[in-house]
file coords08.cif (mmCIF, C-alpha atoms and all ligand atoms)
data_input
#
loop_
_atom_site.label_atom_id
_atom_site.label_comp_id
_atom_site.auth_asym_id
_atom_site.auth_seq_id
_atom_site.Cartn_x
_atom_site.Cartn_y
_atom_site.Cartn_z
CA MET A 200 108.93 112.89 142.11
CA THR A 201 108.27 112.18 138.44
CA GLU A 202 111.00 110.85 136.19
CA GLU A 203 112.04 112.78 133.12
CA THR A 204 110.57 110.85 130.18
CA VAL A 205 112.56 112.94 127.71
CA ILE A 206 116.12 113.91 128.62
CA ALA A 207 117.40 116.84 126.56
CA ARG A 208 121.02 117.81 126.97
CA ARG A 209 123.82 119.52 125.11
CA GLU A 210 126.80 117.33 124.17
CA GLY A 211 129.48 119.36 122.44
CA ARG A 212 127.81 120.97 119.40
CA LEU A 213 124.92 118.51 119.49
CA GLY A 214 121.47 118.62 120.99
CA TRP A 215 120.99 115.11 122.39
CA LEU A 216 117.48 113.80 123.03
CA LEU A 217 116.88 110.61 124.99
CA MET A 218 113.47 108.99 125.14
CA ASN A 219 113.28 107.65 128.68
CA ARG A 220 110.07 105.74 129.31
CA PRO A 221 111.60 102.26 129.07
CA ARG A 222 108.82 100.36 130.84
CA ALA A 223 106.42 101.46 128.07
CA LEU A 224 109.09 100.83 125.40
CA ASN A 225 109.18 104.62 124.98
CA ALA A 226 105.60 104.76 123.69
CA LEU A 227 105.07 108.49 123.20
CA ASP A 228 102.62 110.14 125.56
CA GLN A 229 101.46 113.75 125.51
CA ALA A 230 104.21 114.95 127.86
CA MET A 231 107.00 113.27 125.84
CA ILE A 232 105.72 114.77 122.61
CA GLU A 233 105.56 118.23 124.16
CA ALA A 234 109.06 117.84 125.61
CA LEU A 235 110.48 116.80 122.22
CA VAL A 236 108.81 119.75 120.50
CA ALA A 237 110.10 122.16 123.17
CA ALA A 238 113.68 120.88 122.82
CA LEU A 239 113.61 121.12 119.03
CA ASP A 240 112.14 124.63 119.27
CA GLY A 241 114.87 125.66 121.71
CA TRP A 242 117.71 124.41 119.50
CA ARG A 243 116.33 125.46 116.10
CA ASP A 244 117.91 128.93 116.13
CA ASP A 245 120.72 128.25 118.62
CA PRO A 246 124.00 128.66 116.72
CA ALA A 247 125.80 126.48 119.29
CA VAL A 248 123.70 123.47 118.22
CA ALA A 249 124.89 122.06 114.87
CA ALA A 250 122.72 118.92 114.82
CA VAL A 251 120.18 116.99 116.89
CA VAL A 252 120.36 113.31 117.83
CA LEU A 253 117.32 111.28 118.95
CA ASP A 254 118.29 108.29 121.07
CA SER A 255 116.76 105.99 123.69
CA THR A 256 117.62 104.86 127.22
CA SER A 257 115.91 101.52 126.60
CA ASP A 258 117.95 98.47 125.63
CA ARG A 259 114.91 96.97 123.83
CA ALA A 260 113.20 99.87 122.17
CA PHE A 261 113.85 103.04 120.25
CA CYS A 262 110.12 103.86 120.42
CA ALA A 263 107.26 101.33 120.24
CA GLY A 264 104.57 103.78 119.18
CA GLY A 265 102.13 106.16 120.75
CA ASP A 266 100.39 105.88 124.11
CA ILE A 267 97.51 104.15 122.40
CA ARG A 268 96.22 102.76 125.69
CA ALA A 269 95.45 106.32 126.86
CA ILE A 270 93.80 107.11 123.53
CA ARG A 271 91.56 104.07 123.90
CA THR A 272 90.58 105.15 127.43
CA ALA A 273 89.70 108.60 126.11
CA ALA A 274 87.77 107.10 123.17
CA LEU A 275 85.69 104.90 125.48
CA ALA A 276 84.98 107.93 127.70
CA GLY A 277 83.88 110.00 124.68
CA ASP A 278 86.75 112.40 125.43
CA GLY A 279 87.43 113.59 121.90
CA ALA A 280 89.38 116.62 123.16
CA THR A 281 92.15 114.48 124.66
CA ILE A 282 92.41 112.45 121.45
CA GLU A 283 92.51 115.59 119.31
CA ARG A 284 95.18 117.15 121.52
CA PHE A 285 97.37 114.03 121.32
CA PHE A 286 97.32 113.52 117.55
CA THR A 287 97.59 117.27 116.88
CA ALA A 288 100.76 117.42 118.97
CA GLU A 289 102.22 114.18 117.59
CA TYR A 290 101.73 115.15 113.95
CA ALA A 291 103.09 118.67 114.62
CA LEU A 292 106.21 116.96 116.00
CA ASN A 293 106.47 114.81 112.85
CA ALA A 294 106.23 117.96 110.67
CA ALA A 295 108.76 119.83 112.84
CA ILE A 296 111.25 116.98 112.34
CA ALA A 297 110.70 116.98 108.56
CA GLU A 298 111.21 120.74 108.39
CA TYR A 299 114.07 120.95 110.89
CA PRO A 300 116.81 123.21 109.53
CA LYS A 301 119.69 121.16 111.00
CA PRO A 302 120.78 117.54 110.59
CA TYR A 303 118.48 115.31 112.64
CA VAL A 304 119.93 111.89 113.43
CA ALA A 305 117.84 109.03 114.87
CA LEU A 306 119.77 106.14 116.46
CA ILE A 307 117.57 103.04 116.17
CA ASP A 308 118.83 99.99 118.07
CA GLY A 309 115.58 98.19 118.91
CA ILE A 310 111.82 98.38 118.37
CA CYS A 311 110.79 101.27 116.08
CA MET A 312 107.11 101.09 115.32
CA GLY A 313 104.21 103.44 114.69
CA GLY A 314 105.03 106.69 116.49
CA GLY A 315 108.69 105.59 116.55
CA ILE A 316 108.69 105.66 112.75
CA GLY A 317 107.14 109.12 112.99
CA VAL A 318 109.98 110.56 115.09
CA SER A 319 112.66 109.03 112.84
CA VAL A 320 111.61 108.62 109.21
CA HIS A 321 111.14 112.36 108.58
CA GLY A 322 114.65 113.12 109.83
CA THR A 323 117.72 113.53 107.63
CA MET A 324 119.53 110.43 108.96
CA ARG A 325 117.97 107.25 110.36
CA VAL A 326 120.74 105.02 111.64
CA THR A 327 119.77 101.46 112.41
CA THR A 328 121.64 98.49 113.81
CA GLU A 329 120.82 94.82 113.20
CA ARG A 330 118.70 95.11 116.36
CA GLY A 331 116.39 97.66 114.73
CA LEU A 332 112.84 96.35 114.27
CA PHE A 333 110.63 98.53 112.09
CA ALA A 334 106.89 98.31 111.45
CA MET A 335 103.70 100.26 110.92
CA PRO A 336 101.38 97.78 112.73
CA GLU A 337 98.25 99.92 113.08
CA THR A 338 95.87 97.74 111.06
CA ALA A 339 96.19 95.24 113.94
CA ILE A 340 94.60 97.77 116.30
CA GLY A 341 91.93 99.19 113.99
CA MET A 342 93.93 102.33 113.23
CA PHE A 343 95.87 103.24 110.08
CA PRO A 344 99.52 104.01 109.29
CA ASP A 345 99.72 107.62 110.47
CA VAL A 346 102.55 109.95 111.69
CA GLY A 347 103.09 110.89 108.04
CA ALA A 348 103.22 107.29 106.83
CA THR A 349 100.45 108.11 104.35
CA PHE A 350 103.07 110.38 102.75
CA VAL A 351 106.15 108.16 103.22
CA LEU A 352 104.89 104.66 102.44
CA PRO A 353 103.43 105.38 98.98
CA ARG A 354 106.90 106.65 97.99
CA LEU A 355 108.66 103.34 98.67
CA HIS A 356 109.40 101.30 95.56
CA GLY A 357 107.09 98.71 94.04
CA ALA A 358 104.03 98.93 96.34
CA LEU A 359 106.30 97.95 99.22
CA GLY A 360 104.76 100.73 101.32
CA MET A 361 101.22 99.48 100.74
CA PHE A 362 102.44 96.00 101.74
CA LEU A 363 104.12 97.29 104.91
CA GLY A 364 101.24 99.59 105.84
CA LEU A 365 98.50 96.99 105.37
CA THR A 366 100.23 93.88 106.73
CA GLY A 367 102.29 95.53 109.52
CA THR A 368 105.25 93.37 108.47
CA ARG A 369 108.28 93.86 110.72
CA LEU A 370 111.58 94.69 109.06
CA ALA A 371 114.96 94.12 110.69
CA GLY A 372 117.41 97.01 110.46
CA GLY A 373 119.12 95.93 107.24
CA ASP A 374 115.80 95.43 105.50
CA ALA A 375 114.63 98.84 106.74
CA VAL A 376 117.60 100.42 104.92
CA HIS A 377 116.73 98.56 101.71
CA ALA A 378 113.09 99.63 102.06
CA GLY A 379 114.07 103.26 102.66
CA LEU A 380 112.79 103.66 106.21
CA ALA A 381 116.37 103.85 107.51
CA THR A 382 119.30 105.52 105.75
CA HIS A 383 122.41 104.01 107.37
CA PHE A 384 123.35 100.63 108.83
CA VAL A 385 125.78 100.57 111.75
CA PRO A 386 126.50 97.34 113.64
CA ALA A 387 125.26 97.52 117.25
CA ALA A 388 128.82 96.82 118.40
CA ALA A 389 129.90 100.09 116.74
CA LEU A 390 127.13 102.22 118.25
CA PRO A 391 129.13 103.38 121.31
CA ALA A 392 131.91 104.53 118.98
CA LEU A 393 129.38 106.30 116.75
CA ARG A 394 127.85 108.10 119.75
CA ALA A 395 131.30 109.35 120.78
CA ALA A 396 132.17 110.35 117.22
CA LEU A 397 128.90 112.25 116.82
CA VAL A 398 129.85 114.43 119.78
CA GLU A 399 133.36 114.99 118.38
CA GLN A 400 132.57 115.37 114.67
CA GLY A 401 128.83 116.01 114.35
CA ALA A 402 126.51 114.32 111.84
CA ALA A 403 129.41 113.60 109.44
CA ALA A 404 130.37 110.76 111.81
CA VAL A 405 127.38 108.73 110.61
CA SER A 406 128.69 107.90 107.12
CA ARG A 407 132.14 107.10 108.60
CA HIS A 408 130.62 104.36 110.78
CA ALA A 409 128.05 103.01 108.34
CA VAL A 410 128.61 99.70 106.56
CA PRO A 411 126.56 98.07 103.77
CA PRO A 412 123.43 96.42 105.18
CA PRO A 413 123.00 92.65 104.88
CA PRO A 414 121.07 91.48 101.78
CA PHE A 415 117.37 92.40 101.53
CA THR A 416 115.45 89.37 102.84
CA LEU A 417 112.30 90.55 101.02
CA ALA A 418 114.09 90.52 97.65
CA PRO A 419 112.65 87.14 96.60
CA HIS A 420 109.12 88.46 97.26
CA LEU A 421 109.27 91.94 95.75
CA SER A 422 107.67 91.00 92.43
CA MET A 423 104.77 89.27 94.22
CA ILE A 424 104.37 92.30 96.49
CA ALA A 425 104.36 94.69 93.53
CA ARG A 426 101.82 92.58 91.62
CA CYS A 427 99.41 92.16 94.52
CA PHE A 428 99.69 95.40 96.49
CA SER A 429 99.33 97.68 93.47
CA ALA A 430 95.68 96.58 93.23
CA GLY A 431 93.03 99.27 93.50
CA SER A 432 91.17 97.80 96.47
CA VAL A 433 91.76 95.53 99.46
CA ALA A 434 89.38 92.97 97.97
CA GLU A 435 91.46 92.91 94.77
CA ILE A 436 94.70 92.55 96.79
CA LEU A 437 93.19 89.49 98.50
CA THR A 438 92.09 88.07 95.15
CA ARG A 439 95.56 88.54 93.65
CA LEU A 440 97.29 87.00 96.69
CA ALA A 441 95.00 83.98 96.48
CA ALA A 442 96.03 83.49 92.86
CA GLU A 443 99.78 83.64 93.60
CA PRO A 444 101.86 80.51 94.04
CA GLY A 445 104.18 80.21 97.00
CA GLU A 446 104.28 80.35 100.75
CA ALA A 447 104.94 84.09 101.02
CA ALA A 448 101.66 85.03 99.31
CA ARG A 449 99.78 82.43 101.36
CA ASP A 450 101.26 83.76 104.63
CA THR A 451 100.50 87.34 103.60
CA LEU A 452 96.89 86.45 102.84
CA ALA A 453 96.55 84.74 106.23
CA THR A 454 98.03 87.81 107.95
CA LEU A 455 95.59 90.15 106.20
CA ARG A 456 92.65 87.89 107.09
CA GLY A 457 93.43 88.42 110.79
CA LEU A 458 93.53 92.22 110.67
CA SER A 459 90.66 94.69 111.01
CA PRO A 460 88.80 94.56 107.67
CA ALA A 461 87.56 98.13 108.10
CA ALA A 462 91.05 99.34 109.04
CA LEU A 463 92.53 97.63 105.96
CA CYS A 464 90.03 99.51 103.80
CA TRP A 465 90.54 102.97 105.29
CA SER A 466 94.31 102.41 105.39
CA HIS A 467 94.34 101.40 101.71
CA ALA A 468 92.35 104.51 100.84
CA ALA A 469 94.56 106.79 102.95
CA LEU A 470 97.80 105.36 101.48
CA THR A 471 96.45 105.65 97.95
CA ARG A 472 95.50 109.27 98.51
CA GLY A 473 98.80 110.07 100.26
CA ALA A 474 100.74 109.34 97.07
CA GLY A 475 99.53 112.68 95.72
CA LEU A 476 99.89 114.83 98.86
CA ASP A 477 102.75 116.77 100.44
CA LEU A 478 103.66 115.82 104.01
CA ARG A 479 101.85 118.74 105.67
CA THR A 480 98.63 118.02 103.81
CA ALA A 481 98.95 114.29 104.46
CA LEU A 482 99.29 114.97 108.22
CA THR A 483 96.25 117.26 108.18
CA LYS A 484 94.22 114.56 106.45
CA GLU A 485 95.52 111.94 108.88
CA LEU A 486 94.32 114.10 111.77
CA ALA A 487 90.86 114.30 110.22
CA LEU A 488 90.82 110.52 109.76
CA THR A 489 91.74 109.91 113.43
CA ARG A 490 88.44 111.58 114.44
CA HIS A 491 86.49 108.86 112.62
CA VAL A 492 88.76 105.90 113.30
CA THR A 493 88.97 106.38 117.07
CA ARG A 494 85.15 106.32 117.18
CA HIS A 495 84.95 103.05 115.25
CA PRO A 496 84.52 99.95 117.43
CA ASP A 497 87.57 98.24 115.85
CA PHE A 498 89.91 100.80 117.43
CA ALA A 499 88.92 100.14 121.06
CA GLU A 500 88.67 96.42 120.31
CA GLY A 501 92.04 96.25 118.57
CA VAL A 502 93.89 98.09 121.35
CA ARG A 503 92.11 95.88 123.88
CA ALA A 504 93.18 92.69 122.11
CA MET A 505 96.78 93.69 121.28
CA VAL A 506 97.82 96.09 124.06
CA VAL A 507 95.44 95.92 127.07
CA ASP A 508 94.31 92.28 127.44
CA LYS A 509 96.94 90.94 125.00
CA ASP A 510 94.70 87.96 124.07
CA ARG A 511 95.45 88.76 120.39
CA ALA A 512 91.89 87.67 119.57
CA PRO A 513 90.07 90.79 118.39
CA ARG A 514 86.46 90.56 117.19
CA TRP A 515 86.19 92.92 114.23
CA THR A 516 83.10 94.82 113.05
CA PRO A 517 82.42 93.83 110.34
CA ALA A 518 84.28 90.51 110.32
CA THR A 519 85.27 90.41 106.64
CA VAL A 520 86.54 92.79 103.96
CA GLU A 521 83.60 91.81 101.78
CA GLN A 522 81.20 93.26 104.39
CA VAL A 523 82.94 96.64 104.72
CA ASP A 524 80.70 99.52 103.56
CA ALA A 525 82.73 101.26 100.83
CA GLY A 526 80.54 104.36 101.04
CA ALA A 527 81.19 104.69 104.78
CA ILE A 528 84.96 104.42 104.18
CA ALA A 529 84.80 107.08 101.45
CA ALA A 530 82.84 109.36 103.79
CA MET A 531 85.51 108.97 106.50
CA LEU A 532 88.24 109.97 104.06
CA ASP A 533 86.26 113.00 102.91
CA GLY A 534 86.36 114.56 106.35
C1 LIG B 601 99.77 97.68 116.93
C2 LIG B 601 100.07 99.00 117.17
C3 LIG B 601 100.60 99.40 118.42
C4 LIG B 601 100.82 98.42 119.39
C5 LIG B 601 100.52 97.09 119.13
C6 LIG B 601 99.99 96.74 117.91
C7 LIG B 601 100.93 100.78 118.72
C8 LIG B 601 101.45 101.06 120.02
C9 LIG B 601 101.66 100.02 120.94
C10 LIG B 601 102.18 100.23 122.26
C11 LIG B 601 103.35 99.60 122.64
C12 LIG B 601 103.86 99.75 123.93
C13 LIG B 601 103.18 100.51 124.86
C14 LIG B 601 101.99 101.14 124.49
C15 LIG B 601 101.50 100.99 123.20
O1 LIG B 601 101.34 98.75 120.61
O2 LIG B 601 100.75 101.68 117.88
O3 LIG B 601 101.34 101.88 125.39
O4 LIG B 601 103.65 100.67 126.14
O5 LIG B 601 101.74 102.33 120.32
O6 LIG B 601 99.67 95.44 117.64
O7 LIG B 601 99.85 99.93 116.22
#

call {"tool": "encode", "arguments": {"input": "coords08.cif", "output": "structure tokens", "more": "lines below"}}
Ligand code: QUE
result
Amino acid sequence: MTEETVIARREGRLGWLLMNRPRALNALDQAMIEALVAALDGWRDDPAVAAVVLDSTSDRAFCAGGDIRAIRTAALAGDGATIERFFTAEYALNAAIAEYPKPYVALIDGICMGGGIGVSVHGTMRVTTERGLFAMPETAIGMFPDVGATFVLPRLHGALGMFLGLTGTRLAGGDAVHAGLATHFVPAAALPALRAALVEQGAAAVSRHAVPPPPFTLAPHLSMIARCFSAGSVAEILTRLAAEPGEAARDTLATLRGLSPAALCWSHAALTRGAGLDLRTALTKELALTRHVTRHPDFAEGVRAMVVDKDRAPRWTPATVEQVDAGAIAAMLDG
């Protein structure tokens, strides 16, 4: 007897999707991705379904990412077909959400990282509570901000997206609204009422329950972020951060120094390129980049350190940004 990791049900005129793999914080595996695609396909042309809601059964997480542990296992086994199948399906889901012809409402009341951003940010409404916790943390595992983040992040104001995508900084729900990752702020205490109102009134219920988010906690740092993260290379970002006064720049520099140097470089290149791409093209280029990145030693090592062994002590190859081969990065981006 296997549990249903995606529960798809009709509630009034809504299609309601529940991610239900709570022990893995709803990290998306192949079966969940396929179930989400199938439900969206089934409701796309169904006139009885006015809108779709994506929700979670977990009290802690909306969706913590992708099943990156399985991808690492496949990478170490040289099983490129499993990796290709996973990212192809995940990015097709991201595109299907972006192109969905009906309101698509994500209810984010907990961890929303990596793949969780991918199943929310492309939707028409991303509702967060104060318990929402948003990040694109892939540079910590030798990956890059994917699931269409190479399209989304460069469009945030003032190099904020480059900052978020390189550092993996976590944003609470209110900050995610200010950044543009979420669209509406609803206090967690009002979420049960919103769920009921969605069934009664459809997607129009969202704006009736939304309140202004708390002030943007990054506001004091936005000018520093814009100055430093608009630089044309990771090395130049580090140089600019080192020249900045203040604790925020110092902390940011220390964070970057702990992340995969190679991943910082290919992520910077992918985010820079994504500024000029449409979402579909960005996803296609992300898929091509996964073929290189999952073969790089920093991917298996990063997932080992952060997800498998959880010692949080990865040994990166190479160990510093200065040692990263710019030609090799450029070749990865070229296909
Ligand atoms: C960076 C990441 C991820 C991460 C940890 C990082 C990521 C991801 C997971 C994850 C979380 C819960 C699970 C799981 C994987 O952790 O992308 O299998 O159950 O999916 O530091 O990018």

call {"tool": "residues_around", "arguments": {"input": "coords08.cif", "residues": "stretch 354-358 of chain A", "least_positions_apart": "4", "cutoff": "10 Å", "atoms": "only C-alpha atoms", "output": "list in words"}}
result
Ala348, Thr349, Phe350, Phe362, Leu363, Gly364, His377, Ala378, Gly379, Leu380, Leu421, Ser422, Met423, Ile424, Ala425, Arg426, Cys427, Phe428, Ser429, Ala430, Leu470, Gly473, Ala474 and Gly475 of chain A

call {"tool": "axis_aligned_box", "arguments": {"input": "coords08.cif", "around": "ligand LIG 601 (chain B)", "padding_each_side": "6 Å", "output": "lines of an AutoDock Vina configuration file"}}
result
center_x = 101.8
center_y = 98.9
center_z = 121.2
size_x = 16.2
size_y = 18.9
size_z = 21.9

call {"tool": "residues_around", "arguments": {"input": "coords08.cif", "residues": "A:Ala402", "least_positions_apart": "2", "cutoff": "8 Å", "atoms": "only C-alpha atoms", "output": "VMD selection string"}}
result
chain A and resid 250 302 304 397 400 404 to 405

call {"tool": "atom_distance", "arguments": {"input": "coords08.cif", "atom1": "atom CA of A:Asp228", "atom2": "atom CA of A:Lys301"}}
result
25.0 Å

call {"tool": "closest_residue", "arguments": {"input": "coords08.cif", "among": "A:Met361, A:Ile232, A:Ala276, A:Ala388", "to": "A:Gly431", "atoms": "all atoms listed in the file"}}
result
A:Met361

call {"tool": "closest_atom_pairs", "arguments": {"input": "coords08.cif", "of": "chain A", "to": "ligand LIG 601 (chain B)", "cutoff": "6 Å", "atoms": "all atoms listed in the file", "output": "Markdown table"}}
result
| residue | atom | partner | partner_atom | distance |
| --- | --- | --- | --- | --- |
| A:Ala223 | CA | B:LIG601 | O4 | 3.5 |
| A:Leu224 | CA | B:LIG601 | O4 | 5.5 |
| A:Ala226 | CA | B:LIG601 | C13 | 5.0 |
| A:Ala263 | CA | B:LIG601 | C11 | 4.9 |
| A:Gly264 | CA | B:LIG601 | O5 | 3.4 |
| A:Gly265 | CA | B:LIG601 | O5 | 3.9 |
| A:Asp266 | CA | B:LIG601 | O3 | 4.3 |
| A:Ile267 | CA | B:LIG601 | O5 | 5.1 |
| A:Arg268 | CA | B:LIG601 | O3 | 5.2 |
| A:Gly313 | CA | B:LIG601 | O2 | 5.0 |
| A:Pro336 | CA | B:LIG601 | O7 | 4.4 |
| A:Glu337 | CA | B:LIG601 | O7 | 3.5 |
| A:Ala339 | CA | B:LIG601 | O6 | 5.1 |
| A:Ile340 | CA | B:LIG601 | C1 | 5.2 |
| A:Met505 | CA | B:LIG601 | O6 | 5.0 |
| A:Val506 | CA | B:LIG601 | O1 | 5.6 |

call {"tool": "atom_distance", "arguments": {"input": "coords08.cif", "atom1": "atom CA of A:Met342", "atom2": "atom CA of A:Ala294"}}
result
20.1 Å

call {"tool": "closest_residue", "arguments": {"input": "coords08.cif", "among": "A:Leu437, A:Leu370, A:Ala409, A:Leu213", "to": "A:His383", "atoms": "all atoms listed in the file"}}
result
A:Ala409

call {"tool": "residues_around", "arguments": {"input": "coords08.cif", "residues": "stretch 477-493 of chain A", "least_positions_apart": "4", "cutoff": "8 Å", "atoms": "all atoms listed in the file", "output": "ChimeraX atom specification"}}
result
/A:271,274,279,283,286-287,290,294,341-342,345-347,349-350,469,473,498-499,531-532,534

call {"tool": "atom_distance", "arguments": {"input": "coords08.cif", "atom1": "atom CA of A:Pro411", "atom2": "atom CA of A:Ala305"}}
result
17.9 Å

call {"tool": "closest_residue", "arguments": {"input": "coords08.cif", "among": "A:Asp450, A:Glu399, A:Glu329, A:Asp254", "to": "A:Thr366", "atoms": "all atoms listed in the file"}}
result
A:Asp450

call {"tool": "residues_near_point", "arguments": {"input": "coords08.cif", "point": "(85.1, 95.0, 106.6)", "cutoff": "10 Å", "atoms": "all atoms listed in the file", "output": "JSON, numbers by chain"}}
result
{"A": [433, 434, 458, 459, 460, 461, 462, 463, 464, 465, 515, 516, 517, 518, 519, 520, 521, 522, 523, 524, 525, 528]}

call {"tool": "closest_residue", "arguments": {"input": "coords08.cif", "among": "A:Pro344, A:Phe384, A:Gly501, A:Ala453", "to": "A:His467", "atoms": "only C-alpha atoms"}}
result
A:Pro344

call {"tool": "closest_residue", "arguments": {"input": "coords08.cif", "among": "A:Val318, A:Val410, A:Leu440, A:Leu306", "to": "A:Pro386", "atoms": "all atoms listed in the file"}}
result
A:Val410

call {"tool": "residues_around", "arguments": {"input": "coords08.cif", "residues": "A:Gln229", "least_positions_apart": "5", "cutoff": "8 Å", "atoms": "only C-alpha atoms", "output": "PyMOL selection string"}}
result
chain A and resi 285+288-289

call {"tool": "closest_residue", "arguments": {"input": "coords08.cif", "among": "A:Ala269, A:Leu253, A:Leu365, A:Ala291", "to": "A:Arg325", "atoms": "all atoms listed in the file"}}
result
A:Leu253

call {"tool": "closest_atom_pairs", "arguments": {"input": "coords08.cif", "of": "stretch 328-377 of chain A", "to": "stretch 413-418 of chain A", "cutoff": "10 Å", "atoms": "only C-alpha atoms", "output": "JSON lines"}}
result
{"residue": "A:Glu329", "atom": "CA", "partner": "A:Pro413", "partner_atom": "CA", "distance": 8.9}
{"residue": "A:Leu359", "atom": "CA", "partner": "A:Leu417", "partner_atom": "CA", "distance": 9.7}
{"residue": "A:Leu370", "atom": "CA", "partner": "A:Thr416", "partner_atom": "CA", "distance": 9.1}
{"residue": "A:Ala371", "atom": "CA", "partner": "A:Thr416", "partner_atom": "CA", "distance": 9.2}
{"residue": "A:Gly372", "atom": "CA", "partner": "A:Pro413", "partner_atom": "CA", "distance": 9.0}
{"residue": "A:Gly373", "atom": "CA", "partner": "A:Pro413", "partner_atom": "CA", "distance": 5.6}
{"residue": "A:Asp374", "atom": "CA", "partner": "A:Phe415", "partner_atom": "CA", "distance": 5.2}
{"residue": "A:Ala375", "atom": "CA", "partner": "A:Phe415", "partner_atom": "CA", "distance": 8.7}
{"residue": "A:Val376", "atom": "CA", "partner": "A:Phe415", "partner_atom": "CA", "distance": 8.7}
{"residue": "A:His377", "atom": "CA", "partner": "A:Phe415", "partner_atom": "CA", "distance": 6.2}

call {"tool": "write_last_selection", "arguments": {"input": "coords08.cif", "atoms": "C-alpha atoms", "output": "PDB file, keeping the file's coordinate frame"}}
result
ATOM      1  CA  GLU A 329     120.820  94.820 113.200  1.00  0.00           C
ATOM      2  CA  LEU A 359     106.300  97.950  99.220  1.00  0.00           C
ATOM      3  CA  LEU A 370     111.580  94.690 109.060  1.00  0.00           C
ATOM      4  CA  ALA A 371     114.960  94.120 110.690  1.00  0.00           C
ATOM      5  CA  GLY A 372     117.410  97.010 110.460  1.00  0.00           C
ATOM      6  CA  GLY A 373     119.120  95.930 107.240  1.00  0.00           C
ATOM      7  CA  ASP A 374     115.800  95.430 105.500  1.00  0.00           C
ATOM      8  CA  ALA A 375     114.630  98.840 106.740  1.00  0.00           C
ATOM      9  CA  VAL A 376     117.600 100.420 104.920  1.00  0.00           C
ATOM     10  CA  HIS A 377     116.730  98.560 101.710  1.00  0.00           C
TER      11      HIS A 377
END

call {"tool": "residues_around", "arguments": {"input": "coords08.cif", "residues": "A:Asp245", "least_positions_apart": "3", "cutoff": "12 Å", "atoms": "only C-alpha atoms", "output": "list in words"}}
result
Arg209, Arg212, Leu213, Gly214, Ala238, Leu239, Asp240, Gly241, Trp242, Val248, Ala249, Ala250, Val251, Pro300 and Lys301 of chain A

call {"tool": "residues_near_point", "arguments": {"input": "coords08.cif", "point": "(111.5, 113.3, 130.7)", "cutoff": "10 Å", "atoms": "only C-alpha atoms", "output": "ChimeraX atom specification"}}
result
/A:201-207,216-220,230-231,234-235
